[in-house]
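Asks: So here's query-v8.pdb, just PDB, C-alpha atoms:
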```
ATOM      1  CA  MET C   1      17.855 -12.160   5.963
ATOM      2  CA  HIS C   2      15.103 -11.102   3.600
ATOM      3  CA  ARG C   3      16.772  -9.219   0.738
ATOM      4  CA  VAL C   4      14.875  -6.407  -0.987
ATOM      5  CA  ALA C   5      16.385  -5.369  -4.318
ATOM      6  CA  VAL C   6      15.418  -1.985  -5.750
ATOM      7  CA  LEU C   7      15.890  -1.544  -9.502
ATOM      8  CA  ALA C   8      16.673   2.069 -10.432
ATOM      9  CA  LEU C   9      16.044   2.809 -14.102
ATOM     10  CA  GLU C  10      17.268   5.794 -16.086
ATOM     11  CA  GLY C  11      15.169   8.814 -15.109
ATOM     12  CA  VAL C  12      14.169   7.282 -11.778
ATOM     13  CA  ILE C  13      12.111   9.549  -9.518
ATOM     14  CA  PRO C  14      14.109  10.080  -6.293
ATOM     15  CA  PHE C  15      11.175  10.199  -3.877
ATOM     16  CA  GLU C  16       9.939   6.717  -4.732
ATOM     17  CA  LEU C  17      13.501   5.411  -5.095
ATOM     18  CA  GLY C  18      14.088   6.167  -1.418
ATOM     19  CA  ILE C  19      10.870   4.606  -0.081
ATOM     20  CA  PRO C  20      11.956   0.924   0.083
ATOM     21  CA  ALA C  21      15.215   1.663   1.899
ATOM     22  CA  ARG C  22      13.443   3.957   4.355
ATOM     23  CA  ILE C  23      10.572   1.581   5.147
ATOM     24  CA  PHE C  24      12.241  -1.829   5.008
ATOM     25  CA  GLY C  25      15.463  -0.445   6.423
ATOM     26  CA  SER C  26      13.612   0.758   9.518
ATOM     27  CA  ALA C  27      12.145  -2.656  10.359
ATOM     28  CA  GLU C  28      13.812  -4.305  13.344
ATOM     29  CA  GLY C  29      13.156  -7.451  15.325
ATOM     30  CA  ALA C  30      12.730  -7.656  19.092
ATOM     31  CA  ASN C  31      16.517  -7.964  19.401
ATOM     32  CA  GLY C  32      17.038  -4.680  17.552
ATOM     33  CA  LYS C  33      18.550  -6.361  14.508
ATOM     34  CA  PRO C  34      17.374  -5.397  11.010
ATOM     35  CA  LEU C  35      14.802  -7.666   9.406
ATOM     36  CA  TYR C  36      15.624  -6.729   5.830
ATOM     37  CA  GLU C  37      18.683  -6.088   3.709
ATOM     38  CA  VAL C  38      17.919  -3.438   1.086
ATOM     39  CA  VAL C  39      20.159  -3.210  -1.974
ATOM     40  CA  THR C  40      19.825  -0.889  -4.958
ATOM     41  CA  CYS C  41      20.916  -1.784  -8.462
ATOM     42  CA  THR C  42      20.832  -0.480 -12.012
ATOM     43  CA  LEU C  43      20.716  -2.572 -15.162
ATOM     44  CA  ASP C  44      24.493  -2.458 -15.705
ATOM     45  CA  GLY C  45      25.707  -1.274 -12.295
ATOM     46  CA  ARG C  46      26.547   2.177 -13.623
ATOM     47  CA  PRO C  47      25.121   5.470 -12.306
ATOM     48  CA  VAL C  48      21.737   6.572 -13.625
ATOM     49  CA  ARG C  49      20.391  10.061 -14.031
ATOM     50  CA  THR C  50      17.335  10.829 -11.912
ATOM     51  CA  ALA C  51      14.322  12.925 -12.852
ATOM     52  CA  ALA C  52      15.562  15.580 -10.418
ATOM     53  CA  GLY C  53      18.700  16.486 -12.318
ATOM     54  CA  PHE C  54      21.287  14.500 -10.381
ATOM     55  CA  SER C  55      22.699  11.002 -10.709
ATOM     56  CA  VAL C  56      22.743   8.108  -8.272
ATOM     57  CA  THR C  57      25.600   5.640  -7.928
ATOM     58  CA  VAL C  58      24.906   2.040  -6.922
ATOM     59  CA  GLU C  59      26.990  -0.971  -5.919
ATOM     60  CA  HIS C  60      25.156  -3.654  -7.896
ATOM     61  CA  ASP C  61      23.998  -4.498 -11.395
ATOM     62  CA  SER C  62      20.815  -6.392 -12.228
ATOM     63  CA  SER C  63      22.363  -9.773 -11.419
ATOM     64  CA  ILE C  64      21.525  -9.043  -7.762
ATOM     65  CA  LEU C  65      17.827  -9.453  -8.654
ATOM     66  CA  ALA C  66      18.320 -13.218  -8.805
ATOM     67  CA  THR C  67      19.157 -13.249  -5.072
ATOM     68  CA  ALA C  68      16.230 -11.108  -3.864
ATOM     69  CA  ALA C  69      13.150 -12.260  -1.977
ATOM     70  CA  THR C  70      11.395  -9.020  -2.931
ATOM     71  CA  VAL C  71      12.065  -6.773  -5.936
ATOM     72  CA  VAL C  72      10.766  -3.201  -5.964
ATOM     73  CA  ILE C  73      10.745  -1.066  -9.110
ATOM     74  CA  PRO C  74      10.291   2.694  -8.563
ATOM     75  CA  PRO C  75       8.854   4.880 -11.345
ATOM     76  CA  SER C  76      10.914   6.582 -14.012
ATOM     77  CA  ALA C  77      10.282   9.747 -15.993
ATOM     78  CA  SER C  78      12.030   8.151 -18.986
ATOM     79  CA  LEU C  79       9.898   5.117 -19.777
ATOM     80  CA  GLY C  80      10.035   5.821 -23.536
ATOM     81  CA  SER C  81       8.975   2.794 -25.585
ATOM     82  CA  ILE C  82       7.677   1.060 -22.494
ATOM     83  CA  ARG C  83       4.939   3.646 -22.102
ATOM     84  CA  ASP C  84       4.466   4.479 -25.785
ATOM     85  CA  GLN C  85       4.421   0.977 -27.289
ATOM     86  CA  GLY C  86       4.210  -1.328 -24.291
ATOM     87  CA  VAL C  87       7.534  -2.934 -25.180
ATOM     88  CA  LEU C  88      10.472  -3.618 -22.866
ATOM     89  CA  PRO C  89      14.006  -2.808 -24.047
ATOM     90  CA  GLU C  90      16.060  -5.998 -24.243
ATOM     91  CA  PRO C  91      18.378  -5.164 -21.304
ATOM     92  CA  LEU C  92      15.387  -4.569 -19.032
ATOM     93  CA  ALA C  93      13.619  -7.707 -20.239
ATOM     94  CA  ALA C  94      16.777  -9.696 -19.521
ATOM     95  CA  ALA C  95      17.002  -8.182 -16.031
ATOM     96  CA  LEU C  96      13.397  -9.096 -15.195
ATOM     97  CA  ALA C  97      14.056 -12.643 -16.421
ATOM     98  CA  LEU C  98      16.610 -13.004 -13.620
ATOM     99  CA  ILE C  99      13.919 -12.678 -10.939
ATOM    100  CA  GLY C 100      13.178 -16.017  -9.283
ATOM    101  CA  PRO C 101       9.741 -17.672  -9.527
ATOM    102  CA  ARG C 102       9.061 -17.275  -5.797
ATOM    103  CA  THR C 103      10.187 -13.661  -5.606
ATOM    104  CA  ARG C 104       7.663 -10.935  -4.802
ATOM    105  CA  VAL C 105       7.702  -8.098  -7.311
ATOM    106  CA  ALA C 106       6.275  -4.668  -6.514
ATOM    107  CA  SER C 107       5.926  -1.624  -8.741
ATOM    108  CA  LEU C 108       5.550   1.882  -7.388
ATOM    109  CA  CYS C 109       3.418   4.364  -9.310
ATOM    110  CA  THR C 110       4.038   4.275 -13.086
ATOM    111  CA  ALA C 111       6.556   1.441 -12.788
ATOM    112  CA  ALA C 112       3.444  -0.690 -13.343
ATOM    113  CA  TYR C 113       4.152  -0.026 -17.036
ATOM    114  CA  VAL C 114       7.342  -2.071 -16.651
ATOM    115  CA  LEU C 115       5.531  -5.051 -15.153
ATOM    116  CA  ALA C 116       2.737  -4.843 -17.712
ATOM    117  CA  ALA C 117       5.134  -4.620 -20.649
ATOM    118  CA  GLY C 118       6.895  -7.697 -19.287
ATOM    119  CA  GLY C 119       3.610  -9.614 -19.252
ATOM    120  CA  LEU C 120       3.594  -9.937 -15.462
ATOM    121  CA  LEU C 121       0.205  -8.257 -15.075
ATOM    122  CA  ASP C 122      -1.730 -10.075 -17.806
ATOM    123  CA  GLY C 123      -5.045 -11.259 -16.403
ATOM    124  CA  ARG C 124      -4.342  -9.606 -13.064
ATOM    125  CA  ARG C 125      -5.854  -6.673 -11.236
ATOM    126  CA  ALA C 126      -3.380  -3.791 -10.921
ATOM    127  CA  THR C 127      -3.181  -0.060 -10.358
ATOM    128  CA  THR C 128      -0.967   2.892 -11.177
ATOM    129  CA  HIS C 129      -1.135   6.683 -10.870
ATOM    130  CA  TRP C 130      -4.686   7.895 -11.474
ATOM    131  CA  GLN C 131      -3.573  10.282 -14.228
ATOM    132  CA  GLU C 132      -2.226   7.342 -16.259
ATOM    133  CA  ILE C 133      -5.162   4.960 -15.835
ATOM    134  CA  GLU C 134      -6.830   5.585 -19.210
ATOM    135  CA  HIS C 135      -3.572   5.414 -21.170
ATOM    136  CA  PHE C 136      -2.462   2.341 -19.222
ATOM    137  CA  HIS C 137      -5.730   0.556 -20.001
ATOM    138  CA  GLN C 138      -5.446   1.361 -23.703
ATOM    139  CA  THR C 139      -1.832   0.162 -23.827
ATOM    140  CA  PHE C 140      -2.400  -3.007 -21.794
ATOM    141  CA  PRO C 141      -6.011  -4.145 -22.294
ATOM    142  CA  ARG C 142      -5.267  -7.558 -20.755
ATOM    143  CA  VAL C 143      -4.644  -5.930 -17.377
ATOM    144  CA  ASP C 144      -7.615  -5.289 -15.077
ATOM    145  CA  VAL C 145      -6.590  -1.796 -14.022
ATOM    146  CA  ASP C 146      -8.275  -0.160 -11.009
ATOM    147  CA  GLN C 147      -8.024   3.596 -10.465
ATOM    148  CA  ASP C 148      -9.811   3.684  -7.110
ATOM    149  CA  VAL C 149      -7.217   2.079  -4.829
ATOM    150  CA  LEU C 150      -3.882   2.932  -3.216
ATOM    151  CA  PHE C 151      -2.317  -0.447  -3.908
ATOM    152  CA  ILE C 152      -3.221  -3.965  -4.985
ATOM    153  CA  ASP C 153      -1.738  -7.157  -3.553
ATOM    154  CA  SER C 154      -1.999 -10.093  -5.937
ATOM    155  CA  GLY C 155       0.256 -12.310  -3.883
ATOM    156  CA  ASP C 156       3.537 -12.419  -5.764
ATOM    157  CA  ILE C 157       2.849  -9.214  -7.745
ATOM    158  CA  LEU C 158       1.940  -5.892  -6.129
ATOM    159  CA  THR C 159       1.256  -2.502  -7.673
ATOM    160  CA  SER C 160       0.729   0.891  -6.076
ATOM    161  CA  ALA C 161      -0.634   4.271  -7.038
ATOM    162  CA  GLY C 162       1.387   7.478  -7.106
ATOM    163  CA  ALA C 163       4.032   8.797  -4.723
ATOM    164  CA  ALA C 164       3.073   8.237  -1.074
ATOM    165  CA  ALA C 165       1.025   5.138  -1.933
ATOM    166  CA  GLY C 166       4.398   3.435  -2.287
ATOM    167  CA  VAL C 167       4.857   3.960   1.455
ATOM    168  CA  ASP C 168       1.523   2.240   2.082
ATOM    169  CA  LEU C 169       2.483  -0.705  -0.091
ATOM    170  CA  CYS C 170       5.866  -1.194   1.602
ATOM    171  CA  LEU C 171       4.286  -0.954   5.072
ATOM    172  CA  HIS C 172       1.741  -3.517   3.919
ATOM    173  CA  LEU C 173       4.567  -5.896   3.021
ATOM    174  CA  VAL C 174       6.200  -5.392   6.409
ATOM    175  CA  ARG C 175       2.866  -6.180   8.059
ATOM    176  CA  LEU C 176       2.516  -9.339   5.985
ATOM    177  CA  ASP C 177       6.028 -10.469   6.876
ATOM    178  CA  HIS C 178       6.226  -9.500  10.546
ATOM    179  CA  GLY C 179       2.827  -8.344  11.809
ATOM    180  CA  SER C 180       1.335  -4.993  12.732
ATOM    181  CA  ALA C 181       3.565  -4.334  15.755
ATOM    182  CA  VAL C 182       6.696  -4.167  13.612
ATOM    183  CA  ALA C 183       4.925  -2.234  10.839
ATOM    184  CA  ASN C 184       3.537   0.286  13.314
ATOM    185  CA  GLN C 185       6.995   0.809  14.779
ATOM    186  CA  VAL C 186       8.345   1.455  11.279
ATOM    187  CA  ALA C 187       5.531   3.957  10.666
ATOM    188  CA  ARG C 188       6.295   5.772  13.908
ATOM    189  CA  SER C 189       9.986   5.885  13.044
ATOM    190  CA  CYS C 190       9.220   7.339   9.611
ATOM    191  CA  VAL C 191       6.422   9.607  10.939
ATOM    192  CA  VAL C 192       3.847   8.300   8.478
ATOM    193  CA  PRO C 193       0.321   6.890   8.971
ATOM    194  CA  PRO C 194       0.666   3.280  10.124
ATOM    195  CA  TRP C 195      -2.175   1.975   8.022
ATOM    196  CA  ARG C 196      -3.939   3.231   4.943
ATOM    197  CA  ASP C 197      -5.882   0.341   3.512
ATOM    198  CA  GLY C 198      -5.157  -0.570  -0.096
ATOM    199  CA  GLY C 199      -8.803  -0.095  -1.006
ATOM    200  CA  GLN C 200      -8.839   3.535   0.079
ATOM    201  CA  ALA C 201      -9.616   6.031  -2.657
ATOM    202  CA  GLN C 202      -6.531   7.091  -4.601
ATOM    203  CA  TYR C 203      -7.816  10.487  -5.606
ATOM    204  CA  VAL C 204     -10.318  12.854  -3.995
ATOM    205  CA  ASP C 205     -11.527  16.190  -5.315
ATOM    206  CA  GLN C 206     -10.760  18.222  -2.195
ATOM    207  CA  PRO C 207      -8.162  16.510   0.014
ATOM    208  CA  VAL C 208      -7.431  19.726   1.938
ATOM    209  CA  PRO C 209     -10.325  22.073   2.679
ATOM    210  CA  GLU C 210      -9.961  25.778   2.115
ATOM    211  CA  ALA C 211      -9.230  27.909   5.180
ATOM    212  CA  THR C 212     -12.763  29.257   5.165
ATOM    213  CA  THR C 213     -14.342  25.805   4.904
ATOM    214  CA  ALA C 214     -15.235  23.611   7.879
ATOM    215  CA  SER C 215     -13.574  20.204   7.816
ATOM    216  CA  THR C 216     -14.735  16.778   8.922
ATOM    217  CA  SER C 217     -11.297  15.905  10.326
ATOM    218  CA  GLU C 218     -12.178  16.585  13.975
ATOM    219  CA  THR C 219     -15.264  14.431  13.684
ATOM    220  CA  ARG C 220     -13.227  11.612  12.150
ATOM    221  CA  ALA C 221     -10.808  11.777  15.087
ATOM    222  CA  TRP C 222     -13.764  11.831  17.486
ATOM    223  CA  ALA C 223     -15.289   8.780  15.798
ATOM    224  CA  LEU C 224     -12.018   6.825  15.913
ATOM    225  CA  ASP C 225     -12.162   6.986  19.720
ATOM    226  CA  ARG C 226     -15.710   5.588  19.678
ATOM    227  CA  LEU C 227     -15.624   2.763  17.164
ATOM    228  CA  ASP C 228     -17.124   0.401  19.744
ATOM    229  CA  GLN C 229     -20.267   2.536  19.813
ATOM    230  CA  ALA C 230     -23.152   2.759  17.342
ATOM    231  CA  LEU C 231     -22.479   6.012  15.488
ATOM    232  CA  SER C 232     -25.281   7.276  13.292
ATOM    233  CA  LEU C 233     -24.879   9.664  10.412
ATOM    234  CA  ALA C 234     -26.934  12.215  12.319
ATOM    235  CA  GLU C 235     -24.563  11.981  15.316
ATOM    236  CA  LEU C 236     -21.526  12.463  13.108
ATOM    237  CA  ALA C 237     -23.094  15.442  11.349
ATOM    238  CA  GLY C 238     -24.170  16.908  14.681
ATOM    239  CA  HIS C 239     -20.638  16.661  16.064
ATOM    240  CA  ALA C 240     -19.360  18.484  12.965
ATOM    241  CA  ARG C 241     -22.111  21.097  13.366
ATOM    242  CA  MET C 242     -23.346  20.491   9.844
ATOM    243  CA  SER C 243     -26.521  19.263   8.264
ATOM    244  CA  VAL C 244     -26.497  15.597   7.276
ATOM    245  CA  ARG C 245     -26.477  16.548   3.595
ATOM    246  CA  THR C 246     -23.575  19.006   3.938
ATOM    247  CA  PHE C 247     -21.598  16.655   6.154
ATOM    248  CA  THR C 248     -22.007  13.721   3.752
ATOM    249  CA  ARG C 249     -20.952  15.796   0.758
ATOM    250  CA  ARG C 250     -17.952  17.331   2.524
ATOM    251  CA  PHE C 251     -16.897  14.013   4.064
ATOM    252  CA  ARG C 252     -16.822  12.318   0.672
ATOM    253  CA  SER C 253     -14.891  15.173  -0.913
ATOM    254  CA  GLU C 254     -12.218  14.998   1.808
ATOM    255  CA  VAL C 255     -11.953  11.227   2.271
ATOM    256  CA  GLY C 256     -13.196   9.723  -0.973
ATOM    257  CA  LEU C 257     -15.671   7.493   0.910
ATOM    258  CA  THR C 258     -19.113   7.900   2.428
ATOM    259  CA  PRO C 259     -19.211   8.176   6.245
ATOM    260  CA  GLY C 260     -20.641   4.657   6.457
ATOM    261  CA  GLU C 261     -17.961   3.182   4.219
ATOM    262  CA  TRP C 262     -15.242   4.935   6.187
ATOM    263  CA  LEU C 263     -16.598   3.736   9.540
ATOM    264  CA  THR C 264     -16.717   0.146   8.313
ATOM    265  CA  LEU C 265     -13.164   0.416   7.021
ATOM    266  CA  GLN C 266     -11.898   1.787  10.338
ATOM    267  CA  ARG C 267     -13.690  -0.952  12.249
ATOM    268  CA  VAL C 268     -12.216  -3.658  10.046
ATOM    269  CA  GLN C 269      -8.752  -2.177  10.561
ATOM    270  CA  LEU C 270      -9.229  -2.067  14.339
ATOM    271  CA  ALA C 271     -10.454  -5.668  14.340
ATOM    272  CA  ARG C 272      -7.410  -6.752  12.340
ATOM    273  CA  GLN C 273      -5.090  -5.046  14.816
ATOM    274  CA  LEU C 274      -6.847  -6.703  17.762
ATOM    275  CA  LEU C 275      -6.711 -10.112  16.091
ATOM    276  CA  GLU C 276      -2.988  -9.704  15.504
ATOM    277  CA  SER C 277      -1.996  -8.275  18.862
ATOM    278  CA  SER C 278      -4.374  -9.793  21.433
ATOM    279  CA  ASP C 279      -5.850 -13.094  22.611
ATOM    280  CA  LEU C 280      -9.356 -11.666  22.916
ATOM    281  CA  PRO C 281     -12.143 -14.034  21.853
ATOM    282  CA  ILE C 282     -13.622 -13.266  18.432
ATOM    283  CA  ASP C 283     -16.875 -11.988  19.963
ATOM    284  CA  HIS C 284     -14.947  -9.538  22.179
ATOM    285  CA  VAL C 285     -12.916  -8.315  19.206
ATOM    286  CA  ALA C 286     -16.172  -7.757  17.355
ATOM    287  CA  GLN C 287     -17.624  -5.720  20.220
ATOM    288  CA  GLN C 288     -14.532  -3.529  20.623
ATOM    289  CA  ALA C 289     -14.466  -2.874  16.883
ATOM    290  CA  GLY C 290     -18.145  -1.929  16.789
ATOM    291  CA  PHE C 291     -19.489  -4.998  14.967
ATOM    292  CA  ASN C 292     -21.463  -6.201  18.020
ATOM    293  CA  THR C 293     -21.372  -9.899  17.115
ATOM    294  CA  GLY C 294     -18.783 -12.361  15.906
ATOM    295  CA  ASN C 295     -20.976 -13.197  12.906
ATOM    296  CA  SER C 296     -21.037  -9.554  11.840
ATOM    297  CA  LEU C 297     -17.247  -9.351  12.136
ATOM    298  CA  ARG C 298     -16.866 -12.549  10.101
ATOM    299  CA  GLN C 299     -19.027 -11.145   7.315
ATOM    300  CA  HIS C 300     -17.200  -7.813   7.151
ATOM    301  CA  LEU C 301     -13.712  -9.310   7.407
ATOM    302  CA  ARG C 302     -14.451 -11.885   4.748
ATOM    303  CA  ALA C 303     -15.858  -9.169   2.480
ATOM    304  CA  ALA C 304     -12.777  -7.006   3.052
ATOM    305  CA  ILE C 305      -9.935  -9.534   2.792
ATOM    306  CA  GLY C 306     -11.548 -12.881   2.060
ATOM    307  CA  VAL C 307     -10.749 -14.763   5.286
ATOM    308  CA  SER C 308     -12.378 -15.491   8.622
ATOM    309  CA  PRO C 309     -11.159 -13.846  11.865
ATOM    310  CA  ALA C 310      -9.750 -17.160  13.107
ATOM    311  CA  ALA C 311      -7.823 -17.770   9.873
ATOM    312  CA  TYR C 312      -6.524 -14.214   9.898
ATOM    313  CA  ARG C 313      -5.287 -14.558  13.477
ATOM    314  CA  ARG C 314      -3.562 -17.882  12.726
ATOM    315  CA  THR C 315      -1.793 -16.387   9.713
ATOM    316  CA  PHE C 316      -0.360 -13.408  11.566
ATOM    317  CA  ARG C 317       0.514 -15.375  14.673
ATOM    318  CA  ALA C 318       2.537 -17.713  12.466
ATOM    319  CA  GLN C 319       4.384 -14.711  11.001
ATOM    320  CA  ASP C 320       5.019 -12.959  14.322
ATOM    321  CA  PRO C 321       8.772 -13.261  15.024
ATOM    322  CA  SER C 322       8.156 -12.791  18.769
ATOM    323  CA  ALA C 323       5.644 -15.661  18.954
TER     324      ALA C 323
END
```
Would you kindly transcribe this structure into structure tokens?
Replies:
Amino acid sequence: MHRVAVLALEGVIPFELGIPARIFGSAEGANGKPLYEVVTCTLDGRPVRTAAGFSVTVEHDSSILATAATVVIPPSASLGSIRDQGVLPEPLAAALALIGPRTRVASLCTAAYVLAAGGLLDGRRATTHWQEIEHFHQTFPRVDVDQDVLFIDSGDILTSAGAAAGVDLCLHLVRLDHGSAVANQVARSCVVPPWRDGGQAQYVDQPVPEATTASTSETRAWALDRLDQALSLAELAGHARMSVRTFTRRFRSEVGLTPGEWLTLQRVQLARQLLESSDLPIDHVAQQAGFNTGNSLRQHLRAAIGVSPAAYRRTFRAQDPSA
């Protein structure tokens, strides 16, 4: 069974600490058996104090990291020299050295400081909480830090933005391992959105409109039911009963993307789901997702994730445990 080891550091933030166990622990195969074993450890196996004023007791010390297929490090409010000088304390450096060369390592939120201080992010693209981006860049100039994404997948190293973005990253890993059907079931079980793409904006100025302000949310829901149709900006604005200018401004403030960018993202996501879960020909997938032609789908999918529709389908069919 795929073992996920979660390393809880002193001052760990409880919300993010609980994400891996909740997401990976909810993943089940067609036979109802768990697909992951989630274990939590501290550096020495002793309890650690959380940022919320209580302690957590674990059953393992950091030696368990050597047996993990995936290691997840939640953020801590007590990063100390790691954040201030970019230096790992010796016990933590020794713990990270136990991680095998083929093990995936994921940081949640400001735990990216830990990976960066350990040299794991040098020359890589990474992200962390948007409020820490400038300081992170100054501390670790060799890291290509991106503030405009929810998470970044670099293959064996993954980083996520703040708080709930850790849920998106863990669901992304479940999708990679077992396909969208399993990941969607986990999302339903946890009552969270099944798919927020990693490239989605991390921070928007007005995520929740004021009570007196009209929202674009109903129009977004309306558009999601019509992705196979050509939807113009004027049609979207008309549905929202706004001028094109007002709708565009309000849409961007709520979503962090222009209406066109958001539509393309939703269509790519729908196409990915259809490629994973159906045997539809590529041209039919393209039509249902609103790209009209297979060539258009190929261009957009390659721009989004760097592969062709056929290669994407082969990859996820190979990973589907029910196939």
Asks: Near C:Val56, counting all atoms listed in the file, which residues have an atom at most 9 Å away, once you skip same-chain residues fewer than 5 positions from it, shown as a VMD selection string?
Replies: chain C and resid 8 46 to 50
Asks: By how many Å are atom CA of C:Gly86 and atom CA of C:Ala117 apart?
Replies: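 Interatomic distance here is 5.0 Å.
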Asks: List, as JSON, numbers by chain, every residue that the PyMOL selection byres ((chain C and resi 261) around 12) selects in the file provided.
Replies: {"C": [199, 200, 201, 233, 248, 251, 252, 255, 256, 257, 258, 259, 260, 262, 263, 264, 265, 266, 267, 268, 300, 304]}
Asks: With the file shown as input, list the residues that the PyMOL selection byres ((chain C and resi 103) around 7) selects, as an NGL selection string.
Replies: :C and (68-70 or 99-102 or 104-105 or 156)
Asks: Using the chain letters and numbers from the file, give me the residues hit by the PyMOL selection byres ((chain C and resi 152) around 8), as a list in words.
Replies: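 Matching residues under the PyMOL selection byres ((chain C and resi 152) around 8) are Arg125, Ala126, Thr127, Val149, Leu150, Phe151, Asp153, Ser154, Leu158, Thr159, Ser160, Gly198 and Gly199 of chain C.
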Asks: C:His178, C:Ser63, C:Ala310, C:Ala111: which is nearest C:Asp279, counting all atoms listed in the file?
Replies: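 When distances to C:Asp279 are compared using all atoms listed in the file, the smallest one comes from C:Ala310.
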Asks: Any idea what's packed within 12 Å of C:Ala93, counting only C-alpha atoms, ignoring anything in its chain fewer than 4 positions away? Could you give it as a list in words?
Replies: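 So the residues in contact are Leu43, Ser62, Ile82, Val87, Leu88, Pro89, Ala97, Leu98, Ile99, Val114, Leu115, Ala116, Ala117, Gly118, Gly119 and Leu120 of chain C.
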Asks: Between atom CA of C:Asp228 and atom CA of C:Val307, what distance in Å does the model show, to one decimal?
Replies: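 Straight-line distance from atom CA of C:Asp228 to atom CA of C:Val307 works out to 21.9 Å.
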Asks: Could you jot down the atom CA of C:Phe247 to atom CA of C:Thr219 separation for me, Å, one decimal place?
Replies: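 Going from atom CA of C:Phe247 over to atom CA of C:Thr219 covers 10.1 Å.
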